[in-house]
>>> print(open('structure-v7.cif').read())   # mmCIF, C-alpha atoms and all ligand atoms
data_work
#
loop_
_atom_site.group_PDB
_atom_site.id
_atom_site.type_symbol
_atom_site.label_atom_id
_atom_site.label_comp_id
_atom_site.auth_asym_id
_atom_site.auth_seq_id
_atom_site.Cartn_x
_atom_site.Cartn_y
_atom_site.Cartn_z
ATOM 1 C CA MET C 8 -4.969 -15.593 1.168
ATOM 2 C CA LEU C 9 -7.803 -13.931 -0.672
ATOM 3 C CA ILE C 10 -8.058 -10.290 -1.650
ATOM 4 C CA ALA C 11 -11.566 -9.384 -2.792
ATOM 5 C CA GLY C 12 -12.813 -6.023 -4.026
ATOM 6 C CA ASN C 13 -16.357 -4.911 -3.246
ATOM 7 C CA TRP C 14 -17.211 -2.275 -5.836
ATOM 8 C CA LYS C 15 -20.604 -1.606 -4.223
ATOM 9 C CA MET C 16 -22.916 0.539 -6.409
ATOM 10 C CA ASN C 17 -20.073 1.970 -8.465
ATOM 11 C CA THR C 18 -18.981 1.596 -12.110
ATOM 12 C CA ASP C 19 -21.059 1.308 -15.257
ATOM 13 C CA VAL C 20 -20.489 -1.480 -17.729
ATOM 14 C CA GLY C 21 -17.699 0.353 -19.575
ATOM 15 C CA SER C 22 -15.730 1.416 -16.514
ATOM 16 C CA ALA C 23 -16.282 -1.989 -14.866
ATOM 17 C CA ILE C 24 -14.742 -3.783 -17.839
ATOM 18 C CA GLU C 25 -11.868 -1.316 -17.956
ATOM 19 C CA LEU C 26 -11.119 -1.637 -14.227
ATOM 20 C CA ALA C 27 -11.335 -5.438 -14.295
ATOM 21 C CA ARG C 28 -9.062 -5.610 -17.352
ATOM 22 C CA GLU C 29 -6.488 -3.369 -15.702
ATOM 23 C CA ILE C 30 -6.503 -5.335 -12.436
ATOM 24 C CA ALA C 31 -6.331 -8.698 -14.226
ATOM 25 C CA GLY C 32 -3.379 -7.492 -16.305
ATOM 26 C CA ASP C 33 -1.513 -6.064 -13.328
ATOM 27 C CA ILE C 34 -1.883 -9.056 -10.993
ATOM 28 C CA GLY C 35 -0.698 -11.572 -13.593
ATOM 29 C CA SER C 36 -0.397 -14.885 -11.770
ATOM 30 C CA PRO C 37 -0.872 -13.938 -8.107
ATOM 31 C CA ALA C 38 -0.671 -17.487 -6.657
ATOM 32 C CA PRO C 39 -0.756 -18.408 -3.831
ATOM 33 C CA VAL C 40 -2.996 -15.365 -3.380
ATOM 34 C CA LYS C 41 -6.492 -15.491 -4.877
ATOM 35 C CA VAL C 42 -7.919 -12.224 -6.164
ATOM 36 C CA ALA C 43 -11.554 -11.412 -6.883
ATOM 37 C CA VAL C 44 -13.662 -8.407 -7.799
ATOM 38 C CA CYS C 45 -17.367 -8.064 -7.027
ATOM 39 C CA PRO C 46 -19.004 -5.633 -9.470
ATOM 40 C CA PRO C 47 -22.654 -4.558 -9.363
ATOM 41 C CA THR C 48 -24.901 -7.458 -10.417
ATOM 42 C CA VAL C 49 -25.722 -5.939 -13.786
ATOM 43 C CA ASN C 50 -22.020 -5.977 -14.695
ATOM 44 C CA VAL C 51 -21.023 -9.374 -13.294
ATOM 45 C CA SER C 52 -21.574 -11.135 -16.594
ATOM 46 C CA GLU C 53 -19.505 -8.737 -18.726
ATOM 47 C CA VAL C 54 -16.710 -8.567 -16.166
ATOM 48 C CA ALA C 55 -16.585 -12.375 -15.893
ATOM 49 C CA ARG C 56 -16.389 -12.625 -19.682
ATOM 50 C CA THR C 57 -13.611 -10.028 -19.768
ATOM 51 C CA VAL C 58 -11.397 -11.807 -17.228
ATOM 52 C CA ASN C 59 -12.293 -15.335 -18.267
ATOM 53 C CA GLU C 60 -8.766 -16.254 -19.359
ATOM 54 C CA THR C 61 -7.039 -14.562 -16.423
ATOM 55 C CA ALA C 62 -6.428 -15.360 -12.745
ATOM 56 C CA LEU C 63 -8.945 -12.742 -11.608
ATOM 57 C CA LEU C 64 -12.080 -14.282 -10.103
ATOM 58 C CA VAL C 65 -15.492 -12.644 -10.017
ATOM 59 C CA GLY C 66 -18.080 -12.398 -7.265
ATOM 60 C CA ALA C 67 -21.494 -10.851 -6.751
ATOM 61 C CA GLN C 68 -22.545 -8.582 -3.897
ATOM 62 C CA ASN C 69 -25.815 -10.324 -3.071
ATOM 63 C CA MET C 70 -28.270 -12.991 -4.244
ATOM 64 C CA PHE C 71 -31.660 -14.383 -3.246
ATOM 65 C CA TYR C 72 -32.230 -17.787 -1.660
ATOM 66 C CA GLU C 73 -34.979 -19.052 -3.963
ATOM 67 C CA GLU C 74 -34.337 -20.935 -7.210
ATOM 68 C CA SER C 75 -36.701 -18.944 -9.452
ATOM 69 C CA GLY C 76 -40.174 -17.432 -9.516
ATOM 70 C CA ALA C 77 -42.088 -14.292 -8.636
ATOM 71 C CA PHE C 78 -39.350 -12.394 -6.768
ATOM 72 C CA THR C 79 -39.160 -9.124 -8.676
ATOM 73 C CA GLY C 80 -35.726 -7.593 -8.748
ATOM 74 C CA GLU C 81 -33.899 -10.585 -7.304
ATOM 75 C CA THR C 82 -31.079 -12.750 -8.678
ATOM 76 C CA SER C 83 -30.830 -16.499 -8.107
ATOM 77 C CA PRO C 84 -27.651 -18.470 -7.368
ATOM 78 C CA ALA C 85 -28.001 -20.398 -10.636
ATOM 79 C CA MET C 86 -28.126 -17.121 -12.587
ATOM 80 C CA LEU C 87 -24.859 -16.052 -10.979
ATOM 81 C CA SER C 88 -23.158 -19.401 -11.554
ATOM 82 C CA ALA C 89 -24.220 -19.412 -15.189
ATOM 83 C CA VAL C 90 -22.338 -16.180 -15.907
ATOM 84 C CA GLY C 91 -19.081 -17.328 -14.320
ATOM 85 C CA CYS C 92 -19.523 -15.991 -10.807
ATOM 86 C CA HIS C 93 -17.348 -17.716 -8.173
ATOM 87 C CA TYR C 94 -17.994 -15.804 -4.917
ATOM 88 C CA VAL C 95 -21.006 -14.016 -3.471
ATOM 89 C CA ILE C 96 -20.807 -11.471 -0.657
ATOM 90 C CA LEU C 97 -23.656 -12.138 1.785
ATOM 91 C CA GLY C 98 -24.822 -10.244 4.862
ATOM 92 C CA HIS C 99 -22.778 -7.121 4.180
ATOM 93 C CA SER C 100 -23.549 -4.542 6.877
ATOM 94 C CA GLU C 101 -24.980 -2.172 4.248
ATOM 95 C CA ARG C 102 -27.506 -4.852 3.275
ATOM 96 C CA ARG C 103 -28.337 -5.504 6.920
ATOM 97 C CA GLN C 104 -28.653 -1.750 7.583
ATOM 98 C CA TYR C 105 -30.457 -0.452 4.471
ATOM 99 C CA PHE C 106 -32.264 -3.517 3.139
ATOM 100 C CA GLY C 107 -33.466 -5.208 6.311
ATOM 101 C CA GLU C 108 -31.385 -8.363 6.022
ATOM 102 C CA THR C 109 -31.507 -10.479 9.153
ATOM 103 C CA ASP C 110 -29.392 -13.356 10.412
ATOM 104 C CA ASP C 111 -32.164 -15.629 9.177
ATOM 105 C CA THR C 112 -32.253 -14.322 5.597
ATOM 106 C CA VAL C 113 -28.465 -14.271 5.496
ATOM 107 C CA ASN C 114 -28.406 -17.891 6.676
ATOM 108 C CA ARG C 115 -30.839 -18.977 3.963
ATOM 109 C CA LYS C 116 -28.673 -17.269 1.382
ATOM 110 C CA VAL C 117 -25.451 -18.833 2.686
ATOM 111 C CA ARG C 118 -26.979 -22.328 2.586
ATOM 112 C CA LYS C 119 -28.322 -21.798 -0.922
ATOM 113 C CA ALA C 120 -25.045 -20.399 -2.218
ATOM 114 C CA VAL C 121 -23.086 -23.395 -0.908
ATOM 115 C CA GLU C 122 -25.671 -25.765 -2.393
ATOM 116 C CA HIS C 123 -25.043 -24.170 -5.791
ATOM 117 C CA GLY C 124 -21.263 -24.246 -5.552
ATOM 118 C CA LEU C 125 -20.928 -20.497 -5.073
ATOM 119 C CA VAL C 126 -18.502 -19.499 -2.325
ATOM 120 C CA PRO C 127 -20.250 -17.181 0.140
ATOM 121 C CA ILE C 128 -18.231 -14.403 1.734
ATOM 122 C CA LEU C 129 -20.265 -14.091 4.926
ATOM 123 C CA CYS C 130 -19.824 -10.623 6.426
ATOM 124 C CA VAL C 131 -20.077 -10.087 10.170
ATOM 125 C CA GLY C 132 -19.144 -7.179 12.397
ATOM 126 C CA GLU C 133 -20.301 -4.977 15.234
ATOM 127 C CA HIS C 134 -21.451 -1.354 15.291
ATOM 128 C CA LEU C 135 -19.426 1.231 17.196
ATOM 129 C CA ALA C 136 -21.939 1.452 20.067
ATOM 130 C CA GLU C 137 -21.760 -2.329 20.438
ATOM 131 C CA ARG C 138 -17.965 -2.254 20.663
ATOM 132 C CA GLU C 139 -18.076 0.618 23.127
ATOM 133 C CA ALA C 140 -20.477 -1.424 25.247
ATOM 134 C CA GLY C 141 -18.095 -4.402 25.135
ATOM 135 C CA GLN C 142 -20.588 -6.471 23.129
ATOM 136 C CA GLU C 143 -18.517 -7.075 19.996
ATOM 137 C CA GLU C 144 -17.954 -10.786 20.647
ATOM 138 C CA ASP C 145 -21.634 -11.387 21.440
ATOM 139 C CA VAL C 146 -22.692 -9.688 18.200
ATOM 140 C CA VAL C 147 -20.161 -11.481 16.029
ATOM 141 C CA SER C 148 -20.834 -14.815 17.697
ATOM 142 C CA ARG C 149 -24.570 -14.460 17.003
ATOM 143 C CA GLN C 150 -23.963 -13.466 13.373
ATOM 144 C CA VAL C 151 -21.529 -16.337 12.761
ATOM 145 C CA ARG C 152 -23.576 -19.028 14.527
ATOM 146 C CA LYS C 153 -26.899 -17.998 12.981
ATOM 147 C CA GLY C 154 -25.403 -17.200 9.594
ATOM 148 C CA LEU C 155 -23.819 -20.655 9.443
ATOM 149 C CA SER C 156 -26.629 -22.648 11.037
ATOM 150 C CA GLY C 157 -27.106 -25.874 9.083
ATOM 151 C CA VAL C 158 -24.339 -25.007 6.616
ATOM 152 C CA LEU C 159 -22.452 -28.063 5.381
ATOM 153 C CA ILE C 160 -19.203 -27.596 3.505
ATOM 154 C CA GLY C 161 -17.257 -30.197 1.583
ATOM 155 C CA ARG C 162 -13.959 -28.324 1.722
ATOM 156 C CA PRO C 163 -12.710 -25.304 3.709
ATOM 157 C CA GLY C 164 -12.567 -23.368 0.438
ATOM 158 C CA ASP C 165 -16.360 -23.575 0.148
ATOM 159 C CA LEU C 166 -16.802 -20.767 2.664
ATOM 160 C CA VAL C 167 -15.169 -17.419 3.440
ATOM 161 C CA ILE C 168 -15.871 -15.176 6.433
ATOM 162 C CA ALA C 169 -15.240 -11.422 6.404
ATOM 163 C CA TYR C 170 -14.915 -9.596 9.708
ATOM 164 C CA GLU C 171 -15.958 -6.028 8.968
ATOM 165 C CA PRO C 172 -16.433 -3.800 12.001
ATOM 166 C CA VAL C 173 -19.173 -1.434 10.829
ATOM 167 C CA TRP C 174 -17.393 1.563 12.336
ATOM 168 C CA ALA C 175 -14.410 0.902 10.053
ATOM 169 C CA ILE C 176 -16.301 0.599 6.753
ATOM 170 C CA GLY C 177 -15.824 3.584 4.472
ATOM 171 C CA THR C 178 -14.781 5.743 7.428
ATOM 172 C CA GLY C 179 -11.013 5.733 7.071
ATOM 173 C CA ARG C 180 -10.936 4.423 10.646
ATOM 174 C CA THR C 181 -9.346 0.976 10.553
ATOM 175 C CA ALA C 182 -9.360 -1.618 13.311
ATOM 176 C CA THR C 183 -5.910 -1.883 14.834
ATOM 177 C CA PRO C 184 -4.019 -5.026 13.843
ATOM 178 C CA ALA C 185 -4.458 -6.243 17.428
ATOM 179 C CA GLN C 186 -8.239 -5.674 17.354
ATOM 180 C CA ALA C 187 -8.468 -7.496 14.016
ATOM 181 C CA GLN C 188 -6.342 -10.425 15.219
ATOM 182 C CA GLU C 189 -8.324 -10.737 18.430
ATOM 183 C CA MET C 190 -11.662 -10.957 16.626
ATOM 184 C CA HIS C 191 -10.352 -13.216 13.847
ATOM 185 C CA SER C 192 -9.006 -15.640 16.422
ATOM 186 C CA TYR C 193 -12.373 -15.542 18.196
ATOM 187 C CA ILE C 194 -14.171 -16.286 14.903
ATOM 188 C CA ARG C 195 -11.717 -19.144 14.221
ATOM 189 C CA GLY C 196 -12.804 -20.640 17.535
ATOM 190 C CA LEU C 197 -16.466 -20.426 16.515
ATOM 191 C CA LEU C 198 -15.649 -22.148 13.217
ATOM 192 C CA ARG C 199 -13.807 -24.877 15.137
ATOM 193 C CA ASP C 200 -16.967 -25.610 17.136
ATOM 194 C CA GLN C 201 -18.937 -26.156 13.939
ATOM 195 C CA PHE C 202 -16.466 -27.586 11.425
ATOM 196 C CA GLY C 203 -13.649 -29.059 13.511
ATOM 197 C CA GLU C 204 -10.078 -27.904 13.904
ATOM 198 C CA ALA C 205 -8.575 -28.751 10.516
ATOM 199 C CA ALA C 206 -11.364 -27.135 8.489
ATOM 200 C CA ALA C 207 -11.544 -24.094 10.764
ATOM 201 C CA ASP C 208 -7.805 -23.531 10.411
ATOM 202 C CA ALA C 209 -8.146 -23.537 6.621
ATOM 203 C CA ILE C 210 -11.276 -21.388 6.218
ATOM 204 C CA GLU C 211 -10.222 -17.919 5.099
ATOM 205 C CA ILE C 212 -11.217 -15.078 7.420
ATOM 206 C CA LEU C 213 -10.862 -11.709 5.698
ATOM 207 C CA TYR C 214 -10.598 -8.319 7.360
ATOM 208 C CA GLY C 215 -12.672 -5.493 5.868
ATOM 209 C CA GLY C 216 -12.895 -1.850 6.843
ATOM 210 C CA SER C 217 -10.817 0.925 5.291
ATOM 211 C CA MET C 218 -7.985 -1.399 4.276
ATOM 212 C CA ASN C 219 -5.611 0.426 1.928
ATOM 213 C CA PRO C 220 -2.029 0.145 0.628
ATOM 214 C CA GLY C 221 -0.773 1.995 3.720
ATOM 215 C CA ASN C 222 -2.197 -0.368 6.332
ATOM 216 C CA ALA C 223 -2.469 -3.652 4.403
ATOM 217 C CA ASP C 224 0.921 -5.033 5.507
ATOM 218 C CA GLU C 225 0.266 -4.762 9.219
ATOM 219 C CA LEU C 226 -3.291 -6.109 8.969
ATOM 220 C CA LEU C 227 -2.443 -8.979 6.616
ATOM 221 C CA SER C 228 0.545 -10.033 8.708
ATOM 222 C CA GLN C 229 -1.715 -10.979 11.634
ATOM 223 C CA LYS C 230 -1.840 -14.726 12.188
ATOM 224 C CA ASP C 231 -5.571 -15.167 11.691
ATOM 225 C CA VAL C 232 -6.069 -12.536 8.978
ATOM 226 C CA ASP C 233 -6.243 -14.508 5.731
ATOM 227 C CA GLY C 234 -6.939 -11.644 3.363
ATOM 228 C CA GLY C 235 -9.028 -8.553 2.869
ATOM 229 C CA LEU C 236 -12.411 -7.421 1.631
ATOM 230 C CA ILE C 237 -11.712 -4.035 0.146
ATOM 231 C CA GLY C 238 -14.294 -1.364 -0.623
ATOM 232 C CA GLY C 239 -13.075 2.122 -1.542
ATOM 233 C CA ALA C 240 -9.491 1.105 -2.355
ATOM 234 C CA SER C 241 -10.695 -1.553 -4.808
ATOM 235 C CA LEU C 242 -12.069 1.071 -7.189
ATOM 236 C CA ASN C 243 -8.569 2.115 -8.172
ATOM 237 C CA ALA C 244 -6.445 -0.524 -9.898
ATOM 238 C CA ASP C 245 -3.154 0.762 -8.472
ATOM 239 C CA SER C 246 -4.270 0.763 -4.848
ATOM 240 C CA PHE C 247 -6.056 -2.580 -5.149
ATOM 241 C CA VAL C 248 -3.090 -4.238 -6.834
ATOM 242 C CA SER C 249 -0.774 -2.776 -4.226
ATOM 243 C CA ILE C 250 -2.817 -4.593 -1.536
ATOM 244 C CA VAL C 251 -2.529 -7.788 -3.610
ATOM 245 C CA GLU C 252 1.256 -7.264 -3.656
ATOM 246 C CA SER C 253 1.273 -6.985 0.148
ATOM 247 C CA ALA C 254 -0.658 -10.249 0.370
ATOM 248 C CA LYS C 255 1.811 -11.950 -1.976
ATOM 249 C CA ARG C 256 4.752 -10.834 0.154
ATOM 250 C CA LEU C 257 3.101 -12.120 3.311
ATOM 251 C CA ALA C 258 1.483 -15.313 2.020
HETATM 252 C C1 LIG M 301 -16.678 -2.965 2.482
HETATM 253 O O1 LIG M 301 -17.674 -2.313 2.244
HETATM 254 O O2 LIG M 301 -16.743 -4.205 2.413
HETATM 255 C C2 LIG M 301 -15.448 -2.263 2.856
HETATM 256 C C3 LIG M 301 -14.519 -2.937 3.476
HETATM 257 O O3 LIG M 301 -15.380 -0.948 2.518
HETATM 258 P P1 LIG M 301 -14.125 0.051 2.747
HETATM 259 O O4 LIG M 301 -12.886 -0.693 2.379
HETATM 260 O O5 LIG M 301 -14.396 1.213 1.855
HETATM 261 O O6 LIG M 301 -14.136 0.419 4.205
#
>>> encode(input="structure-v7.cif", output="structure tokens", more="lines below")
Ligand code: PEP
Amino acid sequence: MLIAGNWKMNTDVGSAIELAREIAGDIGSPAPVKVAVCPPTVNVSEVARTVNETALLVGAQNMFYEESGAFTGETSPAMLSAVGCHYVILGHSERRQYFGETDDTVNRKVRKAVEHGLVPILCVGEHLAEREAGQEEDVVSRQVRKGLSGVLIGRPGDLVIAYEPVWAIGTGRTATPAQAQEMHSYIRGLLRDQFGEAAADAIEILYGGSMNPGNADELLSQKDVDGGLIGGASLNADSFVSIVESAKRLA
């Protein structure tokens, strides 16, 4: 199980360090659950330094697919690795929606991340209109297949998928446990086609979308839900750690 916090464009360096320190202290040794926080890029380095000696892992929220060069404003995978970054969220719906990311750019990023030993958390998920039109599996299938095209992994732990129905992100409207399980099982099938049964069974598929301490138990207890990608509730140490506690009970 993996519980990862996506802090989005929140926290400054001081509050990021404080929040990371509090979470790291509260989770102690969470094994077998892995716990990560993904601060804004500018704070990744300081947060990674702060939690260096703890079980808390650090991720970034985005990266570019080139090694270096004239790409103003971008961050390379090597830059992230060098500051102690372990995960990188890629293809988040907010990046697809506001920053024009496509399945192709997401795919290039996923391949580059894996090449550099960063673990991509590839986000997929349908919009409300797509679900209402019964197209959710088509959308997710396209995002998974294209996002993972040409991706080679050495171990199942080299890749994480996050199913995040867009209509559930930041809305307080969560997918039902049954809806989450149904889509996670569908994604597992897609992973089986590409990586084979054993690897697909071991790749972690996270649920994201208004997960909180009140609904974490029922979502995390679904067979194919291997953790959570948490937005709003990860900005408060108590609520985030409470979700980690749920994962520990259920792992
Ligand atoms: C997210 O943005 O990845 C997310 C899951 O947000 P929230 O938990 O706030 O819905």
>>> closest_residue(input="structure-v7.cif", among="C:Thr79, C:Thr181, C:Ser52, C:Gln104", to="ligand LIG 301 (chain M)", atoms="all atoms listed in the file")
C:Thr181
>>> residues_around(input="structure-v7.cif", residues="Asp165 (chain C)", least_positions_apart="3", cutoff="7 Å", atoms="only C-alpha atoms", output="PyMOL selection string")
chain C and resi 121+126+160-162
>>> residues_around(input="structure-v7.cif", residues="region 207-222 of chain C", least_positions_apart="4", cutoff="7 Å", atoms="all atoms listed in the file", output="number ranges by chain")
C: 8, 163-164, 166-172, 175-181, 191, 195, 198-199, 202-203, 226, 232-237, 240, 246, 249-250
>>> residues_around(input="structure-v7.cif", residues="Arg118 (chain C)", least_positions_apart="5", cutoff="9 Å", atoms="all atoms listed in the file", output="ChimeraX atom specification")
/C:72,113,123,127,154-159
>>> closest_residue(input="structure-v7.cif", among="C:Asn13, C:Thr57, C:Asn69, C:Gln201", to="ligand LIG 301 (chain M)", atoms="only C-alpha atoms and all ligand atoms")
C:Asn13
>>> resolve_selection(input="structure-v7.cif", expression="the PyMOL selection byres (((chain C and resi 97) around 8) and not hetatm)", output="JSON, numbers by chain")
{"C": [68, 69, 70, 95, 96, 98, 99, 113, 116, 117, 127, 128, 129, 130]}
>>> closest_residue(input="structure-v7.cif", among="C:Asn17, C:Ser253, C:Gln150, C:Gln186", to="Gly239 (chain C)", atoms="all atoms listed in the file")
C:Asn17
>>> closest_residue(input="structure-v7.cif", among="C:Gly107, C:Gly66, C:Gly32, C:Gly76", to="Gly91 (chain C)", atoms="all atoms listed in the file")
C:Gly66
>>> residues_around(input="structure-v7.cif", residues="Leu63 (chain C)", least_positions_apart="4", cutoff="12 Å", atoms="only C-alpha atoms", output="MDAnalysis selection string")
chainID C and resid 9:12 26:38 40:45 54:59 91:94 248 251
>>> closest_residue(input="structure-v7.cif", among="C:Phe78, C:Phe71, C:Tyr193, C:Trp174", to="ligand LIG 301 (chain M)", atoms="only C-alpha atoms and all ligand atoms")
C:Trp174
>>> atom_distance(input="structure-v7.cif", atom1="CA of Glu122 (chain C)", atom2="CA of Val151 (chain C)")
18.3 Å
>>> atom_distance(input="structure-v7.cif", atom1="CA of Lys153 (chain C)", atom2="CA of Ile194 (chain C)")
13.0 Å
>>> closest_residue(input="structure-v7.cif", among="C:Met16, C:Arg256, C:Leu125, C:Arg102", to="Val65 (chain C)", atoms="all atoms listed in the file")
C:Leu125
>>> resolve_selection(input="structure-v7.cif", expression="the PyMOL selection byres (((chain C and resi 134-146) around 6) and not hetatm)", output="PyMOL selection string")
chain C and resi 133+147-149+173-174
>>> atom_distance(input="structure-v7.cif", atom1="atom O4 of ligand LIG 301 (chain M)", atom2="CA of Asp200 (chain C)")
29.2 Å
